[in-house]
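Structure file my_file_6.txt with compact mmCIF, N, CA and C atoms:
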# COMPACT_ATOMS: atom_id res chain seq x y z
N MET A 19 -32.75 94.51 20.09
CA MET A 19 -32.82 95.52 19.05
C MET A 19 -31.97 95.07 17.86
N LEU A 20 -32.52 95.28 16.66
CA LEU A 20 -31.83 94.90 15.44
C LEU A 20 -30.79 95.94 15.08
N PRO A 21 -29.71 95.49 14.44
CA PRO A 21 -28.71 96.45 13.97
C PRO A 21 -29.32 97.40 12.93
N VAL A 22 -28.75 98.56 12.79
CA VAL A 22 -29.22 99.56 11.83
C VAL A 22 -29.11 98.97 10.43
N GLY A 23 -30.16 99.15 9.64
CA GLY A 23 -30.14 98.69 8.24
C GLY A 23 -30.65 97.27 8.04
N VAL A 24 -31.01 96.58 9.12
CA VAL A 24 -31.53 95.22 8.99
C VAL A 24 -33.05 95.28 8.95
N GLY A 25 -33.63 94.82 7.86
CA GLY A 25 -35.08 94.82 7.72
C GLY A 25 -35.69 93.57 8.32
N ILE A 26 -36.94 93.65 8.69
CA ILE A 26 -37.64 92.54 9.33
C ILE A 26 -37.71 91.31 8.41
N GLU A 27 -37.70 91.53 7.10
CA GLU A 27 -37.78 90.41 6.16
C GLU A 27 -36.52 89.54 6.15
N SER A 28 -35.44 90.03 6.72
CA SER A 28 -34.21 89.24 6.76
C SER A 28 -33.88 88.76 8.18
N VAL A 29 -34.95 88.60 9.01
CA VAL A 29 -34.76 88.19 10.40
C VAL A 29 -35.36 86.80 10.63
N ASP A 30 -34.60 85.95 11.31
CA ASP A 30 -35.08 84.64 11.74
C ASP A 30 -35.28 84.68 13.25
N ILE A 31 -36.41 84.17 13.73
CA ILE A 31 -36.70 84.13 15.17
C ILE A 31 -36.33 82.76 15.70
N TRP A 32 -35.49 82.75 16.72
CA TRP A 32 -35.06 81.52 17.39
C TRP A 32 -35.52 81.58 18.84
N PHE A 33 -35.68 80.40 19.44
CA PHE A 33 -36.00 80.30 20.86
C PHE A 33 -34.93 79.43 21.49
N GLN A 34 -34.35 79.86 22.62
CA GLN A 34 -33.23 79.18 23.25
C GLN A 34 -33.51 78.95 24.72
N ASP A 35 -33.02 77.82 25.22
CA ASP A 35 -33.08 77.54 26.65
C ASP A 35 -32.08 76.44 26.96
N GLU A 36 -31.86 76.20 28.23
CA GLU A 36 -30.99 75.12 28.67
C GLU A 36 -31.59 74.46 29.90
N THR A 37 -31.18 73.23 30.12
CA THR A 37 -31.65 72.50 31.29
C THR A 37 -30.52 71.67 31.86
N ARG A 38 -30.60 71.42 33.15
CA ARG A 38 -29.60 70.59 33.83
C ARG A 38 -30.17 69.17 33.95
N VAL A 39 -29.33 68.21 33.64
CA VAL A 39 -29.69 66.81 33.85
C VAL A 39 -28.63 66.22 34.76
N ARG A 40 -29.03 65.18 35.50
CA ARG A 40 -28.08 64.61 36.45
C ARG A 40 -28.20 63.11 36.52
N GLN A 41 -27.12 62.53 36.94
CA GLN A 41 -27.09 61.11 37.25
C GLN A 41 -26.83 61.03 38.74
N ARG A 42 -27.68 60.30 39.44
CA ARG A 42 -27.60 60.29 40.89
C ARG A 42 -27.69 58.85 41.38
N GLY A 43 -26.85 58.52 42.34
CA GLY A 43 -26.92 57.19 42.95
C GLY A 43 -28.19 57.04 43.75
N THR A 44 -28.62 55.79 43.94
CA THR A 44 -29.85 55.54 44.70
C THR A 44 -29.53 55.05 46.09
N THR A 45 -30.52 55.10 46.96
CA THR A 45 -30.35 54.61 48.32
C THR A 45 -30.27 53.09 48.29
N ALA A 46 -29.30 52.54 48.97
CA ALA A 46 -29.13 51.08 49.02
C ALA A 46 -29.97 50.51 50.16
N ARG A 47 -30.58 49.36 49.91
CA ARG A 47 -31.36 48.66 50.93
C ARG A 47 -30.91 47.20 50.94
N THR A 48 -31.05 46.58 52.11
CA THR A 48 -30.68 45.18 52.23
C THR A 48 -31.52 44.51 53.31
N TRP A 49 -31.62 43.19 53.23
CA TRP A 49 -32.32 42.42 54.24
C TRP A 49 -31.38 42.23 55.43
N ALA A 50 -31.93 42.32 56.65
CA ALA A 50 -31.13 42.09 57.86
C ALA A 50 -32.06 41.74 59.02
N ARG A 51 -31.49 41.14 60.07
CA ARG A 51 -32.28 40.89 61.28
C ARG A 51 -32.69 42.23 61.88
N LYS A 52 -33.77 42.22 62.66
CA LYS A 52 -34.28 43.46 63.24
C LYS A 52 -33.24 44.22 64.06
N GLU A 53 -32.47 43.50 64.85
CA GLU A 53 -31.51 44.18 65.74
C GLU A 53 -30.22 44.56 65.02
N ALA A 54 -30.02 44.08 63.80
CA ALA A 54 -28.78 44.38 63.06
C ALA A 54 -28.95 45.67 62.25
N ARG A 55 -27.87 46.41 62.13
CA ARG A 55 -27.85 47.61 61.28
C ARG A 55 -26.61 47.53 60.39
N PRO A 56 -26.74 46.82 59.29
CA PRO A 56 -25.56 46.64 58.43
C PRO A 56 -25.10 47.95 57.78
N GLN A 57 -23.81 48.09 57.59
CA GLN A 57 -23.23 49.24 56.91
C GLN A 57 -23.19 48.94 55.41
N LEU A 58 -23.72 49.83 54.61
CA LEU A 58 -23.72 49.66 53.16
C LEU A 58 -23.02 50.84 52.51
N VAL A 59 -22.28 50.56 51.47
CA VAL A 59 -21.62 51.61 50.71
C VAL A 59 -22.43 51.81 49.43
N HIS A 60 -22.77 53.03 49.15
CA HIS A 60 -23.45 53.33 47.90
C HIS A 60 -22.96 54.67 47.37
N GLN A 61 -23.24 54.91 46.10
CA GLN A 61 -22.76 56.11 45.44
C GLN A 61 -23.38 57.35 46.07
N GLN A 62 -22.55 58.32 46.44
CA GLN A 62 -23.03 59.54 47.07
C GLN A 62 -22.97 60.76 46.14
N GLN A 63 -22.10 60.75 45.16
CA GLN A 63 -21.90 61.95 44.35
C GLN A 63 -22.92 62.05 43.23
N PHE A 64 -23.03 63.24 42.68
CA PHE A 64 -23.91 63.53 41.57
C PHE A 64 -23.05 63.89 40.37
N GLU A 65 -23.54 63.58 39.20
CA GLU A 65 -22.90 64.01 37.96
C GLU A 65 -23.91 64.87 37.21
N TYR A 66 -23.50 66.05 36.78
CA TYR A 66 -24.40 66.96 36.08
C TYR A 66 -23.91 67.23 34.68
N ALA A 67 -24.84 67.54 33.80
CA ALA A 67 -24.54 68.04 32.46
C ALA A 67 -25.66 69.03 32.13
N TYR A 68 -25.41 69.87 31.18
CA TYR A 68 -26.38 70.88 30.77
C TYR A 68 -26.65 70.71 29.28
N ILE A 69 -27.91 70.67 28.93
CA ILE A 69 -28.31 70.59 27.53
C ILE A 69 -28.76 71.98 27.10
N PHE A 70 -28.07 72.53 26.12
CA PHE A 70 -28.44 73.81 25.53
C PHE A 70 -29.18 73.51 24.23
N GLY A 71 -30.33 74.14 24.04
CA GLY A 71 -31.09 73.91 22.83
C GLY A 71 -31.65 75.20 22.27
N ALA A 72 -31.71 75.28 20.95
CA ALA A 72 -32.30 76.43 20.27
C ALA A 72 -33.01 75.94 19.02
N VAL A 73 -34.15 76.54 18.73
CA VAL A 73 -34.91 76.16 17.54
C VAL A 73 -35.36 77.39 16.77
N CYS A 74 -35.41 77.24 15.47
CA CYS A 74 -35.99 78.25 14.58
C CYS A 74 -37.11 77.52 13.83
N PRO A 75 -38.34 77.62 14.32
CA PRO A 75 -39.43 76.85 13.72
C PRO A 75 -39.69 77.19 12.25
N ILE A 76 -39.55 78.43 11.86
CA ILE A 76 -39.83 78.83 10.47
C ILE A 76 -38.84 78.19 9.51
N ARG A 77 -37.58 78.13 9.89
CA ARG A 77 -36.53 77.56 9.03
C ARG A 77 -36.34 76.05 9.27
N ASP A 78 -37.07 75.49 10.26
CA ASP A 78 -36.96 74.08 10.61
C ASP A 78 -35.51 73.72 10.94
N GLN A 79 -34.89 74.54 11.79
CA GLN A 79 -33.51 74.32 12.21
C GLN A 79 -33.44 74.24 13.73
N ALA A 80 -32.45 73.50 14.19
CA ALA A 80 -32.22 73.38 15.63
C ALA A 80 -30.73 73.21 15.88
N VAL A 81 -30.30 73.67 17.03
CA VAL A 81 -28.92 73.50 17.48
C VAL A 81 -28.98 73.05 18.92
N ASP A 82 -28.30 71.95 19.24
CA ASP A 82 -28.24 71.52 20.63
C ASP A 82 -26.83 71.10 20.99
N LEU A 83 -26.50 71.28 22.23
CA LEU A 83 -25.18 70.93 22.76
C LEU A 83 -25.34 70.38 24.17
N VAL A 84 -24.51 69.42 24.52
CA VAL A 84 -24.43 68.95 25.90
C VAL A 84 -23.08 69.44 26.42
N LEU A 85 -23.13 70.24 27.49
CA LEU A 85 -21.92 70.87 28.03
C LEU A 85 -21.82 70.61 29.53
N PRO A 86 -20.61 70.67 30.08
CA PRO A 86 -20.43 70.37 31.50
C PRO A 86 -20.87 71.48 32.45
N SER A 87 -21.11 72.69 31.92
CA SER A 87 -21.51 73.79 32.80
C SER A 87 -22.43 74.73 32.05
N ALA A 88 -23.13 75.56 32.80
CA ALA A 88 -23.98 76.60 32.22
C ALA A 88 -23.42 77.93 32.70
N ASP A 89 -22.66 78.57 31.84
CA ASP A 89 -22.05 79.85 32.18
C ASP A 89 -21.85 80.65 30.89
N THR A 90 -21.19 81.78 30.99
CA THR A 90 -21.01 82.64 29.83
C THR A 90 -20.23 81.93 28.73
N GLU A 91 -19.19 81.22 29.08
CA GLU A 91 -18.39 80.51 28.06
C GLU A 91 -19.21 79.46 27.33
N ALA A 92 -20.01 78.71 28.06
CA ALA A 92 -20.87 77.70 27.44
C ALA A 92 -21.88 78.37 26.52
N MET A 93 -22.45 79.48 26.97
CA MET A 93 -23.43 80.20 26.16
C MET A 93 -22.78 80.74 24.89
N LEU A 94 -21.55 81.22 24.98
CA LEU A 94 -20.84 81.69 23.79
C LEU A 94 -20.64 80.56 22.78
N VAL A 95 -20.28 79.39 23.25
CA VAL A 95 -20.12 78.23 22.36
C VAL A 95 -21.45 77.94 21.66
N HIS A 96 -22.53 77.97 22.43
CA HIS A 96 -23.85 77.71 21.84
C HIS A 96 -24.22 78.78 20.81
N LEU A 97 -24.00 80.04 21.13
CA LEU A 97 -24.31 81.11 20.18
C LEU A 97 -23.48 81.01 18.91
N GLU A 98 -22.24 80.62 19.04
CA GLU A 98 -21.39 80.46 17.86
C GLU A 98 -21.90 79.33 16.96
N ARG A 99 -22.39 78.25 17.56
CA ARG A 99 -22.99 77.16 16.78
C ARG A 99 -24.26 77.62 16.08
N ILE A 100 -25.08 78.40 16.78
CA ILE A 100 -26.29 78.93 16.17
C ILE A 100 -25.91 79.87 15.02
N SER A 101 -24.92 80.72 15.25
CA SER A 101 -24.47 81.67 14.26
C SER A 101 -24.07 80.99 12.95
N MET A 102 -23.48 79.81 13.05
CA MET A 102 -23.08 79.07 11.85
C MET A 102 -24.28 78.59 11.03
N LYS A 103 -25.45 78.45 11.65
CA LYS A 103 -26.67 78.00 10.97
C LYS A 103 -27.42 79.13 10.28
N ILE A 104 -27.07 80.36 10.59
CA ILE A 104 -27.79 81.51 10.03
C ILE A 104 -27.24 81.81 8.64
N ARG A 105 -28.15 81.91 7.68
CA ARG A 105 -27.74 82.18 6.30
C ARG A 105 -27.07 83.54 6.19
N ALA A 106 -26.16 83.66 5.22
CA ALA A 106 -25.47 84.93 4.98
C ALA A 106 -26.48 86.03 4.68
N GLY A 107 -26.26 87.19 5.26
CA GLY A 107 -27.13 88.33 5.04
C GLY A 107 -28.37 88.36 5.91
N ARG A 108 -28.52 87.37 6.78
CA ARG A 108 -29.69 87.31 7.66
C ARG A 108 -29.26 87.61 9.10
N GLN A 109 -30.22 87.98 9.90
CA GLN A 109 -29.99 88.27 11.32
C GLN A 109 -30.89 87.35 12.13
N ALA A 110 -30.40 86.84 13.25
CA ALA A 110 -31.21 86.01 14.14
C ALA A 110 -31.56 86.80 15.39
N VAL A 111 -32.82 86.70 15.78
CA VAL A 111 -33.27 87.22 17.06
C VAL A 111 -33.54 85.99 17.91
N ILE A 112 -32.79 85.84 19.00
CA ILE A 112 -32.92 84.66 19.85
C ILE A 112 -33.62 85.07 21.14
N VAL A 113 -34.82 84.54 21.33
CA VAL A 113 -35.61 84.83 22.52
C VAL A 113 -35.09 83.93 23.65
N LEU A 114 -34.77 84.54 24.78
CA LEU A 114 -34.26 83.77 25.91
C LEU A 114 -34.66 84.41 27.23
N ASP A 115 -34.48 83.64 28.31
CA ASP A 115 -34.83 84.18 29.63
C ASP A 115 -33.66 85.00 30.17
N LYS A 116 -33.78 85.46 31.40
CA LYS A 116 -32.75 86.33 31.97
C LYS A 116 -31.81 85.58 32.90
N ALA A 117 -31.39 84.39 32.50
CA ALA A 117 -30.36 83.69 33.29
C ALA A 117 -29.11 84.56 33.31
N ALA A 118 -28.34 84.44 34.35
CA ALA A 118 -27.16 85.30 34.53
C ALA A 118 -26.22 85.25 33.33
N TRP A 119 -26.02 84.10 32.75
CA TRP A 119 -25.08 83.96 31.63
C TRP A 119 -25.69 84.43 30.31
N HIS A 120 -26.98 84.81 30.29
CA HIS A 120 -27.60 85.35 29.08
C HIS A 120 -27.46 86.87 28.99
N THR A 121 -27.09 87.51 30.07
CA THR A 121 -27.10 88.97 30.10
C THR A 121 -25.71 89.58 30.23
N THR A 122 -24.66 88.80 30.03
CA THR A 122 -23.30 89.33 30.17
C THR A 122 -22.84 90.00 28.88
N LYS A 123 -21.96 90.97 29.00
CA LYS A 123 -21.49 91.74 27.85
C LYS A 123 -20.76 90.90 26.79
N PRO A 124 -19.98 89.87 27.15
CA PRO A 124 -19.29 89.12 26.10
C PRO A 124 -20.22 88.49 25.06
N LEU A 125 -21.49 88.29 25.38
CA LEU A 125 -22.41 87.68 24.42
C LEU A 125 -22.73 88.61 23.26
N LYS A 126 -22.49 89.88 23.42
CA LYS A 126 -22.81 90.86 22.37
C LYS A 126 -21.85 90.77 21.19
N ARG A 127 -20.81 89.96 21.28
CA ARG A 127 -19.82 89.94 20.21
C ARG A 127 -20.21 89.08 19.00
N VAL A 128 -21.30 88.36 19.07
CA VAL A 128 -21.76 87.58 17.92
C VAL A 128 -22.58 88.53 17.04
N SER A 129 -22.03 88.89 15.87
CA SER A 129 -22.58 90.00 15.09
C SER A 129 -23.92 89.73 14.43
N ASN A 130 -24.23 88.49 14.08
CA ASN A 130 -25.49 88.24 13.37
C ASN A 130 -26.60 87.74 14.29
N ILE A 131 -26.46 88.00 15.60
CA ILE A 131 -27.45 87.57 16.58
C ILE A 131 -27.82 88.73 17.50
N SER A 132 -29.13 88.89 17.73
CA SER A 132 -29.64 89.84 18.72
C SER A 132 -30.29 89.02 19.83
N LEU A 133 -30.17 89.48 21.07
CA LEU A 133 -30.63 88.70 22.23
C LEU A 133 -31.62 89.49 23.09
N PRO A 134 -32.87 89.61 22.67
CA PRO A 134 -33.85 90.28 23.52
C PRO A 134 -34.33 89.34 24.62
N PRO A 135 -34.21 89.72 25.88
CA PRO A 135 -34.67 88.83 26.96
C PRO A 135 -36.18 88.92 27.16
N LEU A 136 -36.74 87.84 27.67
CA LEU A 136 -38.14 87.83 28.05
C LEU A 136 -38.32 88.67 29.31
N PRO A 137 -39.54 89.15 29.57
CA PRO A 137 -39.77 89.88 30.82
C PRO A 137 -39.51 88.97 32.02
N PRO A 138 -39.12 89.52 33.17
CA PRO A 138 -38.87 88.71 34.36
C PRO A 138 -40.12 87.93 34.76
N ALA A 139 -39.89 86.74 35.29
CA ALA A 139 -40.96 85.88 35.83
C ALA A 139 -41.93 85.36 34.76
N LEU A 140 -41.54 85.41 33.49
CA LEU A 140 -42.40 84.88 32.44
C LEU A 140 -41.64 83.93 31.50
N PRO A 141 -40.83 83.02 32.04
CA PRO A 141 -40.08 82.12 31.15
C PRO A 141 -40.98 81.19 30.36
N THR A 142 -42.23 80.99 30.79
CA THR A 142 -43.12 80.08 30.06
C THR A 142 -43.54 80.65 28.70
N LEU A 143 -43.24 81.91 28.43
CA LEU A 143 -43.48 82.45 27.10
C LEU A 143 -42.53 81.87 26.06
N ASN A 144 -41.47 81.26 26.52
CA ASN A 144 -40.49 80.65 25.63
C ASN A 144 -40.90 79.20 25.38
N PRO A 145 -41.25 78.83 24.14
CA PRO A 145 -41.73 77.47 23.88
C PRO A 145 -40.70 76.38 24.19
N THR A 146 -39.41 76.69 24.17
CA THR A 146 -38.43 75.64 24.47
C THR A 146 -38.48 75.21 25.92
N GLU A 147 -39.04 76.04 26.81
CA GLU A 147 -39.21 75.63 28.21
C GLU A 147 -40.07 74.38 28.32
N GLN A 148 -41.02 74.23 27.41
CA GLN A 148 -41.95 73.10 27.46
C GLN A 148 -41.33 71.80 26.95
N VAL A 149 -40.25 71.89 26.24
CA VAL A 149 -39.63 70.71 25.63
C VAL A 149 -38.92 69.84 26.66
N TRP A 150 -38.34 70.44 27.68
CA TRP A 150 -37.47 69.70 28.60
C TRP A 150 -38.18 68.58 29.34
N GLN A 151 -39.41 68.78 29.75
CA GLN A 151 -40.12 67.73 30.47
C GLN A 151 -40.33 66.51 29.57
N ALA A 152 -40.68 66.74 28.33
CA ALA A 152 -40.85 65.62 27.40
C ALA A 152 -39.52 64.92 27.13
N VAL A 153 -38.46 65.68 26.98
CA VAL A 153 -37.15 65.08 26.73
C VAL A 153 -36.72 64.23 27.92
N ARG A 154 -36.92 64.74 29.12
CA ARG A 154 -36.55 63.97 30.32
C ARG A 154 -37.36 62.68 30.42
N GLY A 155 -38.65 62.76 30.15
CA GLY A 155 -39.51 61.60 30.31
C GLY A 155 -39.37 60.56 29.22
N GLU A 156 -39.06 61.00 28.00
CA GLU A 156 -39.03 60.07 26.88
C GLU A 156 -37.63 59.68 26.43
N ARG A 157 -36.67 60.54 26.58
CA ARG A 157 -35.34 60.27 26.04
C ARG A 157 -34.24 60.09 27.08
N LEU A 158 -34.37 60.75 28.21
CA LEU A 158 -33.29 60.72 29.19
C LEU A 158 -33.56 59.77 30.36
N ALA A 159 -34.79 59.35 30.53
CA ALA A 159 -35.11 58.46 31.66
C ALA A 159 -34.58 57.07 31.40
N ASN A 160 -34.31 56.34 32.48
CA ASN A 160 -33.91 54.94 32.33
C ASN A 160 -35.02 54.18 31.62
N GLN A 161 -34.64 53.36 30.70
CA GLN A 161 -35.60 52.59 29.92
C GLN A 161 -35.46 51.12 30.29
N ARG A 162 -36.56 50.44 30.46
CA ARG A 162 -36.54 48.99 30.68
C ARG A 162 -36.49 48.30 29.33
N SER A 163 -35.66 47.34 29.21
CA SER A 163 -35.67 46.53 27.99
C SER A 163 -36.39 45.23 28.29
N CYS A 164 -37.40 44.92 27.53
CA CYS A 164 -38.21 43.74 27.76
C CYS A 164 -37.84 42.60 26.86
Represent the supplied structure as structure tokens.
Amino acid sequence: MLPVGVGIESVDIWFQDETRVRQRGTTARTWARKEARPQLVHQQQFEYAYIFGAVCPIRDQAVDLVLPSADTEAMLVHLERISMKIRAGRQAVIVLDKAAWHTTKPLKRVSNISLPPLPPALPTLNPTEQVWQAVRGERLANQRSC
């Protein structure tokens, strides 16, 4: 819902989402005789990061952040970055899903942003959901250098 006195002509529509990316060790293999079972040490832990992204197609603006976690504090940092991109006197409506960190009360403190959630079980209505697969395949995947 827009604040009282804000007309539709002064509203920018943004779409926001986040995704988790990880770096993971691979299974180690080695040559050995049939009866031998060699012990191999390989990386067991995972490293995670979260990419937060938001776009305003009409204004041709985007804000992205790579953060170590996806929680209310991370979302507040992202909203504050988006807030800095919004022109004075304008209001942003940011379409997002109902992730737990999108629905907490502390997010309401950003004055020039409204956060209407998408209906449950319909995250595909958010166009930023479609971006992550392309980003993973084209930008984040290991690349062979020839």
For Met93 (chain A), which residue among A:Ala80, A:Ala50, A:Ala118, A:Val153 is the nearest when counting only C-alpha atoms?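 Going through A:Ala80, A:Ala50, A:Ala118, A:Val153 one by one, the smallest distance to Met93 (chain A) is for A:Ala118.
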Residues near His96 (chain A), cut-off 12 Å, only C-alpha atoms, skip fewer than 5 positions along chain, as a PDB file with N, CA and C atoms, keeping the file's coordinate frame:
ATOM      1  N   GLN A  34     -34.350  79.860  22.620  1.00  0.00           N
ATOM      2  CA  GLN A  34     -33.230  79.180  23.250  1.00  0.00           C
ATOM      3  C   GLN A  34     -33.510  78.950  24.720  1.00  0.00           C
ATOM      4  N   ASP A  35     -33.020  77.820  25.220  1.00  0.00           N
ATOM      5  CA  ASP A  35     -33.080  77.540  26.650  1.00  0.00           C
ATOM      6  C   ASP A  35     -32.080  76.440  26.960  1.00  0.00           C
ATOM      7  N   GLU A  36     -31.860  76.200  28.230  1.00  0.00           N
ATOM      8  CA  GLU A  36     -30.990  75.120  28.670  1.00  0.00           C
ATOM      9  C   GLU A  36     -31.590  74.460  29.900  1.00  0.00           C
ATOM     10  N   TYR A  68     -25.410  69.870  31.180  1.00  0.00           N
ATOM     11  CA  TYR A  68     -26.380  70.880  30.770  1.00  0.00           C
ATOM     12  C   TYR A  68     -26.650  70.710  29.280  1.00  0.00           C
ATOM     13  N   ILE A  69     -27.910  70.670  28.930  1.00  0.00           N
ATOM     14  CA  ILE A  69     -28.310  70.590  27.530  1.00  0.00           C
ATOM     15  C   ILE A  69     -28.760  71.980  27.100  1.00  0.00           C
ATOM     16  N   PHE A  70     -28.070  72.530  26.120  1.00  0.00           N
ATOM     17  CA  PHE A  70     -28.440  73.810  25.530  1.00  0.00           C
ATOM     18  C   PHE A  70     -29.180  73.510  24.230  1.00  0.00           C
ATOM     19  N   GLY A  71     -30.330  74.140  24.040  1.00  0.00           N
ATOM     20  CA  GLY A  71     -31.090  73.910  22.830  1.00  0.00           C
ATOM     21  C   GLY A  71     -31.650  75.200  22.270  1.00  0.00           C
ATOM     22  N   ALA A  72     -31.710  75.280  20.950  1.00  0.00           N
ATOM     23  CA  ALA A  72     -32.300  76.430  20.270  1.00  0.00           C
ATOM     24  C   ALA A  72     -33.010  75.940  19.020  1.00  0.00           C
ATOM     25  N   VAL A  73     -34.150  76.540  18.730  1.00  0.00           N
ATOM     26  CA  VAL A  73     -34.910  76.160  17.540  1.00  0.00           C
ATOM     27  C   VAL A  73     -35.360  77.390  16.770  1.00  0.00           C
ATOM     28  N   ALA A  80     -32.450  73.500  14.190  1.00  0.00           N
ATOM     29  CA  ALA A  80     -32.220  73.380  15.630  1.00  0.00           C
ATOM     30  C   ALA A  80     -30.730  73.210  15.880  1.00  0.00           C
ATOM     31  N   VAL A  81     -30.300  73.670  17.030  1.00  0.00           N
ATOM     32  CA  VAL A  81     -28.920  73.500  17.480  1.00  0.00           C
ATOM     33  C   VAL A  81     -28.980  73.050  18.920  1.00  0.00           C
ATOM     34  N   ASP A  82     -28.300  71.950  19.240  1.00  0.00           N
ATOM     35  CA  ASP A  82     -28.240  71.520  20.630  1.00  0.00           C
ATOM     36  C   ASP A  82     -26.830  71.100  20.990  1.00  0.00           C
ATOM     37  N   LEU A  83     -26.500  71.280  22.230  1.00  0.00           N
ATOM     38  CA  LEU A  83     -25.180  70.930  22.760  1.00  0.00           C
ATOM     39  C   LEU A  83     -25.340  70.380  24.170  1.00  0.00           C
ATOM     40  N   VAL A  84     -24.510  69.420  24.520  1.00  0.00           N
ATOM     41  CA  VAL A  84     -24.430  68.950  25.900  1.00  0.00           C
ATOM     42  C   VAL A  84     -23.080  69.440  26.420  1.00  0.00           C
ATOM     43  N   LEU A  85     -23.130  70.240  27.490  1.00  0.00           N
ATOM     44  CA  LEU A  85     -21.920  70.870  28.030  1.00  0.00           C
ATOM     45  C   LEU A  85     -21.820  70.610  29.530  1.00  0.00           C
ATOM     46  N   SER A  87     -21.110  72.690  31.920  1.00  0.00           N
ATOM     47  CA  SER A  87     -21.510  73.790  32.800  1.00  0.00           C
ATOM     48  C   SER A  87     -22.430  74.730  32.050  1.00  0.00           C
ATOM     49  N   ALA A  88     -23.130  75.560  32.800  1.00  0.00           N
ATOM     50  CA  ALA A  88     -23.980  76.600  32.220  1.00  0.00           C
ATOM     51  C   ALA A  88     -23.420  77.930  32.700  1.00  0.00           C
ATOM     52  N   ASP A  89     -22.660  78.570  31.840  1.00  0.00           N
ATOM     53  CA  ASP A  89     -22.050  79.850  32.180  1.00  0.00           C
ATOM     54  C   ASP A  89     -21.850  80.650  30.890  1.00  0.00           C
ATOM     55  N   THR A  90     -21.190  81.780  30.990  1.00  0.00           N
ATOM     56  CA  THR A  90     -21.010  82.640  29.830  1.00  0.00           C
ATOM     57  C   THR A  90     -20.230  81.930  28.730  1.00  0.00           C
ATOM     58  N   GLU A  91     -19.190  81.220  29.080  1.00  0.00           N
ATOM     59  CA  GLU A  91     -18.390  80.510  28.060  1.00  0.00           C
ATOM     60  C   GLU A  91     -19.210  79.460  27.330  1.00  0.00           C
ATOM     61  N   SER A 101     -24.920  80.720  15.250  1.00  0.00           N
ATOM     62  CA  SER A 101     -24.470  81.670  14.260  1.00  0.00           C
ATOM     63  C   SER A 101     -24.070  80.990  12.950  1.00  0.00           C
ATOM     64  N   MET A 102     -23.480  79.810  13.050  1.00  0.00           N
ATOM     65  CA  MET A 102     -23.080  79.070  11.850  1.00  0.00           C
ATOM     66  C   MET A 102     -24.280  78.590  11.030  1.00  0.00           C
ATOM     67  N   LYS A 103     -25.450  78.450  11.650  1.00  0.00           N
ATOM     68  CA  LYS A 103     -26.670  78.000  10.970  1.00  0.00           C
ATOM     69  C   LYS A 103     -27.420  79.130  10.280  1.00  0.00           C
ATOM     70  N   ILE A 112     -32.790  85.840  19.000  1.00  0.00           N
ATOM     71  CA  ILE A 112     -32.920  84.660  19.850  1.00  0.00           C
ATOM     72  C   ILE A 112     -33.620  85.070  21.140  1.00  0.00           C
ATOM     73  N   TRP A 119     -26.020  84.100  32.750  1.00  0.00           N
ATOM     74  CA  TRP A 119     -25.080  83.960  31.630  1.00  0.00           C
ATOM     75  C   TRP A 119     -25.690  84.430  30.310  1.00  0.00           C
ATOM     76  N   HIS A 120     -26.980  84.810  30.290  1.00  0.00           N
ATOM     77  CA  HIS A 120     -27.600  85.350  29.080  1.00  0.00           C
ATOM     78  C   HIS A 120     -27.460  86.870  28.990  1.00  0.00           C
ATOM     79  N   LEU A 125     -21.490  88.290  25.380  1.00  0.00           N
ATOM     80  CA  LEU A 125     -22.410  87.680  24.420  1.00  0.00           C
ATOM     81  C   LEU A 125     -22.730  88.610  23.260  1.00  0.00           C
ATOM     82  N   VAL A 128     -21.300  88.360  19.070  1.00  0.00           N
ATOM     83  CA  VAL A 128     -21.760  87.580  17.920  1.00  0.00           C
ATOM     84  C   VAL A 128     -22.580  88.530  17.040  1.00  0.00           C
ATOM     85  N   ILE A 131     -26.460  88.000  15.600  1.00  0.00           N
ATOM     86  CA  ILE A 131     -27.450  87.570  16.580  1.00  0.00           C
ATOM     87  C   ILE A 131     -27.820  88.730  17.500  1.00  0.00           C
TER      88      ILE A 131
END
Atom pair CA of Ala67 (chain A) / CA of Lys123 (chain A): separation (Å):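 Taking CA of Ala67 (chain A) as the start and CA of Lys123 (chain A) as the end point, the length is 24.3 Å.
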Residue neighbourhood Ser28 (chain A), 8 Å, all atoms listed in the file, exclusion window fewer than 5 positions, as a PDB file with N, CA and C atoms, in the coordinates of the input:
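Produced file result_7.pdb, reproduced below:
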ATOM      1  N   GLY A 107     -26.260  87.190   5.260  1.00  0.00           N
ATOM      2  CA  GLY A 107     -27.130  88.330   5.040  1.00  0.00           C
ATOM      3  C   GLY A 107     -28.370  88.360   5.910  1.00  0.00           C
ATOM      4  N   ARG A 108     -28.520  87.370   6.780  1.00  0.00           N
ATOM      5  CA  ARG A 108     -29.690  87.310   7.660  1.00  0.00           C
ATOM      6  C   ARG A 108     -29.260  87.610   9.100  1.00  0.00           C
ATOM      7  N   GLN A 109     -30.220  87.980   9.900  1.00  0.00           N
ATOM      8  CA  GLN A 109     -29.990  88.270  11.320  1.00  0.00           C
ATOM      9  C   GLN A 109     -30.890  87.350  12.130  1.00  0.00           C
ATOM     10  N   ALA A 110     -30.400  86.840  13.250  1.00  0.00           N
ATOM     11  CA  ALA A 110     -31.210  86.010  14.140  1.00  0.00           C
ATOM     12  C   ALA A 110     -31.560  86.800  15.390  1.00  0.00           C
ATOM     13  N   VAL A 111     -32.820  86.700  15.780  1.00  0.00           N
ATOM     14  CA  VAL A 111     -33.270  87.220  17.060  1.00  0.00           C
ATOM     15  C   VAL A 111     -33.540  85.990  17.910  1.00  0.00           C
TER      16      VAL A 111
END
What is the distance, in Å and to one decimal place, between CA of Thr122 (chain A) and CA of Pro134 (chain A)?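 About the pair CA of Thr122 (chain A) and CA of Pro134 (chain A): they are 12.5 Å apart.
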If you measure from CA of Arg105 (chain A) to atom N of Lys126 (chain A), what distance in Å do you get, rounded to one decimal?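 Between CA of Arg105 (chain A) and atom N of Lys126 (chain A) the gap is 19.5 Å.
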Apply DSSP to the backbone of this structure and, from region 32-140 of chain A, keep only the residues in alpha helix (DSSP H); write these as number ranges by chain. A: 90-103
Please return, as a ChimeraX atom specification, all residues of region 91-124 of chain A that DSSP assigns to strand (DSSP E) on the basis of the backbone. /A:109-113
